[in-house]
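S.K.: Before anything else, here's the structure in question.
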Amino acid sequence: MLLLILDQALKIWIKTHLQLHESIEITPWFYLYFTENPGMAFGIEVIGKLFLTLFRIVAVGFIGYFLYKLVKEQYKFGFIACVSLVLAGALGNIFDSVFYGVVFDHSFGQVATFMPEGGGYGEWLHGKVVDMFYFPLIDTILPDWVPVWGGEHFVFFRPIFNLADSAICVGVFLLLIFYRHTLTVSLSKDEEKH
């Protein structure tokens, strides 16, 4: 719950204090850079926004049910915490998709207003996810001797993400590293019951 509150508080602050593509330099390798993501990870838009939002809601329902069963069956705290991270992160991004189009106006060339008189920039279930963490750890021009990309601008790490994305990635990473067997056993138990 705390993660979800922090995620939304940061997103609302970014949305109501920065214009789209405006940034604040924290260090030379860490920026708060306001961007909006209309689709999935890294801005990929393969399917329609409404379908994507509804798919996310259904997926979160399954994760929530799975988490409920884990708690009820008294699985290890660490395993439950990892699944909780994934659930909280998914809920944070769903919240943006469901509500932000209605409760904020656009951020193009202006700072967005919360609950604008004329309505938001979109409809229910059509909001854009707010992203803000940008870590250009290496920002350079590649040497000419590098095949294909020599002389081109290179940035590592280019993706811009949010706290919810981080929670999902950390939760999944920890599940795969420390709880792969537990995850497999719990999922196979669930299949046997059906």
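Chain lettering (A, B, ...) mirrors the order of the structure tokens, residue numbering begins at 1 for each chain separately, and ligand numbering begins at 1 in order of display.
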Given only C-alpha atoms, how would the per-residue table for stretch 35-112 of chain A near stretch 162-173 of chain A read, listing every residue at most 8 Å away with its closest atom pair and distance in Å to one decimal, sorted by chain and number, as JSON lines?

M.R.:
{"residue": "A:Ala81", "atom": "CA", "partner": "A:Gly171", "partner_atom": "CA", "distance": 7.9}
{"residue": "A:Cys82", "atom": "CA", "partner": "A:Gly171", "partner_atom": "CA", "distance": 4.5}
{"residue": "A:Val83", "atom": "CA", "partner": "A:Gly171", "partner_atom": "CA", "distance": 6.3}
{"residue": "A:Ser84", "atom": "CA", "partner": "A:Gly171", "partner_atom": "CA", "distance": 7.7}
{"residue": "A:Leu85", "atom": "CA", "partner": "A:Ala167", "partner_atom": "CA", "distance": 5.2}
{"residue": "A:Val86", "atom": "CA", "partner": "A:Ile168", "partner_atom": "CA", "distance": 4.3}
{"residue": "A:Leu87", "atom": "CA", "partner": "A:Ile168", "partner_atom": "CA", "distance": 7.5}
{"residue": "A:Ala88", "atom": "CA", "partner": "A:Ala164", "partner_atom": "CA", "distance": 7.0}
{"residue": "A:Gly89", "atom": "CA", "partner": "A:Ala164", "partner_atom": "CA", "distance": 3.8}
{"residue": "A:Ala90", "atom": "CA", "partner": "A:Ala164", "partner_atom": "CA", "distance": 6.6}
{"residue": "A:Leu91", "atom": "CA", "partner": "A:Ala164", "partner_atom": "CA", "distance": 7.9}
{"residue": "A:Gly92", "atom": "CA", "partner": "A:Ala164", "partner_atom": "CA", "distance": 5.6}
{"residue": "A:Asn93", "atom": "CA", "partner": "A:Ala164", "partner_atom": "CA", "distance": 6.4}

S.K.: Counting only C-alpha atoms, what is within 12 Å of A:Phe62, bar same-chain residues fewer than 4 positions away, as a PDB file with N, CA and C atoms, in the first residue's frame?

M.R.:
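See selection34.pdb below for the written result:
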ATOM      1  N   PHE A  55      -6.971  -5.638 -20.095  1.00  0.00           N
ATOM      2  CA  PHE A  55      -6.088  -6.785 -19.889  1.00  0.00           C
ATOM      3  C   PHE A  55      -5.316  -6.628 -18.578  1.00  0.00           C
ATOM      4  N   ARG A  56      -4.803  -5.418 -18.316  1.00  0.00           N
ATOM      5  CA  ARG A  56      -4.072  -5.163 -17.071  1.00  0.00           C
ATOM      6  C   ARG A  56      -4.966  -5.382 -15.854  1.00  0.00           C
ATOM      7  N   ILE A  57      -6.209  -4.931 -15.935  1.00  0.00           N
ATOM      8  CA  ILE A  57      -7.141  -5.089 -14.811  1.00  0.00           C
ATOM      9  C   ILE A  57      -7.397  -6.572 -14.539  1.00  0.00           C
ATOM     10  N   VAL A  58      -7.603  -7.351 -15.583  1.00  0.00           N
ATOM     11  CA  VAL A  58      -7.821  -8.798 -15.430  1.00  0.00           C
ATOM     12  C   VAL A  58      -6.567  -9.455 -14.843  1.00  0.00           C
ATOM     13  N   PHE A  66      -4.120 -14.762  -6.491  1.00  0.00           N
ATOM     14  CA  PHE A  66      -2.958 -15.607  -6.212  1.00  0.00           C
ATOM     15  C   PHE A  66      -2.314 -15.181  -4.890  1.00  0.00           C
ATOM     16  N   LEU A  67      -2.188 -13.878  -4.675  1.00  0.00           N
ATOM     17  CA  LEU A  67      -1.604 -13.360  -3.442  1.00  0.00           C
ATOM     18  C   LEU A  67      -2.475 -13.730  -2.231  1.00  0.00           C
ATOM     19  N   TYR A  68      -3.772 -13.604  -2.386  1.00  0.00           N
ATOM     20  CA  TYR A  68      -4.708 -13.990  -1.322  1.00  0.00           C
ATOM     21  C   TYR A  68      -4.485 -15.447  -0.917  1.00  0.00           C
ATOM     22  N   LYS A  69      -4.363 -16.328  -1.913  1.00  0.00           N
ATOM     23  CA  LYS A  69      -4.155 -17.748  -1.640  1.00  0.00           C
ATOM     24  C   LYS A  69      -2.806 -17.988  -0.950  1.00  0.00           C
ATOM     25  N   VAL A  83       5.549 -11.066  -4.565  1.00  0.00           N
ATOM     26  CA  VAL A  83       4.295 -11.032  -5.323  1.00  0.00           C
ATOM     27  C   VAL A  83       3.563  -9.720  -5.037  1.00  0.00           C
ATOM     28  N   VAL A  86       4.924  -6.918  -7.202  1.00  0.00           N
ATOM     29  CA  VAL A  86       4.391  -6.999  -8.565  1.00  0.00           C
ATOM     30  C   VAL A  86       2.964  -6.457  -8.600  1.00  0.00           C
ATOM     31  N   LEU A  87       2.153  -6.840  -7.624  1.00  0.00           N
ATOM     32  CA  LEU A  87       0.766  -6.378  -7.570  1.00  0.00           C
ATOM     33  C   LEU A  87       0.696  -4.857  -7.381  1.00  0.00           C
ATOM     34  N   ALA A  90       1.752  -3.065 -10.591  1.00  0.00           N
ATOM     35  CA  ALA A  90       0.714  -3.178 -11.623  1.00  0.00           C
ATOM     36  C   ALA A  90      -0.470  -2.267 -11.303  1.00  0.00           C
ATOM     37  N   LEU A 187       2.087 -22.580  -8.356  1.00  0.00           N
ATOM     38  CA  LEU A 187       1.288 -22.545  -9.584  1.00  0.00           C
ATOM     39  C   LEU A 187       0.801 -23.936  -9.971  1.00  0.00           C
ATOM     40  N   ASP A 190      -2.114 -24.976  -7.874  1.00  0.00           N
ATOM     41  CA  ASP A 190      -3.334 -24.295  -8.315  1.00  0.00           C
ATOM     42  C   ASP A 190      -3.943 -25.017  -9.519  1.00  0.00           C
TER      43      ASP A 190
END

S.K.: Looking at only C-alpha atoms, which of A:Ile177, A:Leu20, A:Glu117, A:Val185 is the one that sits closest to A:Gly78?

M.R.: A:Ile177

S.K.: Tell me which protein, DNA and RNA residues are within 12 Å of stretch 32-35 of chain A, counting only C-alpha atoms, leaving out same-chain ones fewer than 5 positions away, and put them as an MDAnalysis selection string.

M.R.: chainID A and resid 10:27 42:43 106:108 111:112 128:136 158:163

S.K.: Would you put the residues from that selection into a file with C-alpha atoms, as an mmCIF file, in the first residue's frame?

M.R.:
data_model
loop_
_atom_site.group_PDB
_atom_site.id
_atom_site.type_symbol
_atom_site.label_atom_id
_atom_site.label_comp_id
_atom_site.auth_asym_id
_atom_site.auth_seq_id
_atom_site.Cartn_x
_atom_site.Cartn_y
_atom_site.Cartn_z
ATOM 1 C CA LEU A 10 5.345 11.190 -7.220
ATOM 2 C CA LYS A 11 3.371 10.880 -10.466
ATOM 3 C CA ILE A 12 0.877 13.547 -9.389
ATOM 4 C CA TRP A 13 3.715 15.862 -8.325
ATOM 5 C CA ILE A 14 5.491 15.370 -11.676
ATOM 6 C CA LYS A 15 2.261 15.886 -13.633
ATOM 7 C CA THR A 16 1.339 19.105 -11.734
ATOM 8 C CA HIS A 17 4.838 20.651 -11.640
ATOM 9 C CA LEU A 18 6.480 19.823 -14.984
ATOM 10 C CA GLN A 19 5.527 20.160 -18.624
ATOM 11 C CA LEU A 20 5.859 17.113 -20.839
ATOM 12 C CA HIS A 21 9.567 16.429 -21.628
ATOM 13 C CA GLU A 22 10.770 18.872 -18.965
ATOM 14 C CA SER A 23 13.438 17.543 -16.608
ATOM 15 C CA ILE A 24 15.159 18.212 -13.313
ATOM 16 C CA GLU A 25 18.808 17.178 -13.008
ATOM 17 C CA ILE A 26 19.423 15.413 -9.698
ATOM 18 C CA THR A 27 22.960 14.313 -10.655
ATOM 19 C CA PHE A 42 9.115 1.364 -23.373
ATOM 20 C CA GLY A 43 6.097 2.955 -25.073
ATOM 21 C CA HIS A 106 -2.780 17.561 -21.202
ATOM 22 C CA SER A 107 0.838 18.482 -20.437
ATOM 23 C CA PHE A 108 1.929 19.710 -23.895
ATOM 24 C CA VAL A 111 1.743 22.068 -16.501
ATOM 25 C CA ALA A 112 -1.315 19.824 -16.175
ATOM 26 C CA LYS A 128 -1.335 7.626 -20.109
ATOM 27 C CA VAL A 129 1.164 6.255 -17.603
ATOM 28 C CA VAL A 130 3.491 8.888 -16.127
ATOM 29 C CA ASP A 131 7.202 7.985 -16.259
ATOM 30 C CA MET A 132 10.015 10.039 -14.745
ATOM 31 C CA PHE A 133 13.190 8.177 -13.753
ATOM 32 C CA TYR A 134 15.969 8.617 -16.315
ATOM 33 C CA PHE A 135 19.499 7.299 -15.748
ATOM 34 C CA PRO A 136 21.818 8.250 -18.651
ATOM 35 C CA ARG A 158 17.949 5.169 -22.124
ATOM 36 C CA PRO A 159 14.557 3.853 -20.843
ATOM 37 C CA ILE A 160 12.479 6.188 -18.666
ATOM 38 C CA PHE A 161 10.377 4.460 -16.027
ATOM 39 C CA ASN A 162 8.459 5.007 -12.780
ATOM 40 C CA LEU A 163 8.307 3.589 -9.260
#

S.K.: Rounded to one decimal in Å, what is the spacing between atom CA of A:Phe79 and atom CA of A:Thr184?

M.R.: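 Between these atoms lies a distance of 11.9 Å.
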
S.K.: When distances are computed from only C-alpha atoms, which of A:Met115, A:Ser188, A:Asp144, A:Ile138 shows the smallest separation from A:Phe156?

M.R.: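 Going through A:Met115, A:Ser188, A:Asp144, A:Ile138 one by one, the smallest distance to A:Phe156 is for A:Ile138.
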
S.K.: Separation of atom CA of A:Pro116 and atom CA of A:Phe95, in Å?

M.R.: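 Here the two named atoms are 18.3 Å from each other.
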
S.K.: Mind pulling up the distance from atom CA of A:Val60 to atom CA of A:Phe178?

M.R.: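 Atom CA of A:Val60 lies 22.3 Å from atom CA of A:Phe178.
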
S.K.: If DSSP is run on the backbone, what residues of stretch 78-141 of chain A are helix (DSSP H, G or I)? A reply as a list in words would be ideal.

M.R.: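 Put together, the selection reads Gly78, Phe79, Ile80, Ala81, Cys82, Val83, Ser84, Leu85, Val86, Leu87, Ala88, Gly89, Ala90, Leu91, Gly92, Asn93, Ile94, Phe95, Asp96, Ser97, Val98, Phe99, Tyr100, Gly101, Val102 and Val103 of chain A.
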
S.K.: Measuring atom to atom with only C-alpha atoms, identify which of A:Lys72, A:Val103, A:Phe30, A:Gly118 is nearest to A:Asp139.

M.R.: A:Phe30

S.K.: Measuring atom to atom with only C-alpha atoms, identify which of A:Gly151, A:Trp29, A:Leu3, A:Ile94 is nearest to A:His126.

M.R.: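 Looking only at the distances to A:His126, the closest residue turns out to be A:Ile94.
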
S.K.: Identify which of the residues A:Phe51, A:Phe104, A:Tyr121, A:Tyr179 lies closest to A:Phe77, counting only C-alpha atoms when measuring atom-to-atom distances.

M.R.: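 Closest residue, counting only C-alpha atoms: A:Tyr179.
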
S.K.: Please report, as a list in words, each residue of chain A to which DSSP assigns strand (DSSP E) when run on this structure's backbone.

M.R.: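 Answer for chain A restricted to strand (DSSP E) is Ser23, Ile24, Glu25, Ile26, Thr27, Phe30, Tyr31, Leu32, Tyr33, Phe34, Thr35, Glu36, Asn37, Val129, Val130, Asp131, Met132, Phe133, Tyr134, Ile138, Asp139, Thr140, Ile141, His153, Phe154, Val155, Phe156, Ile160 and Phe161 of chain A.
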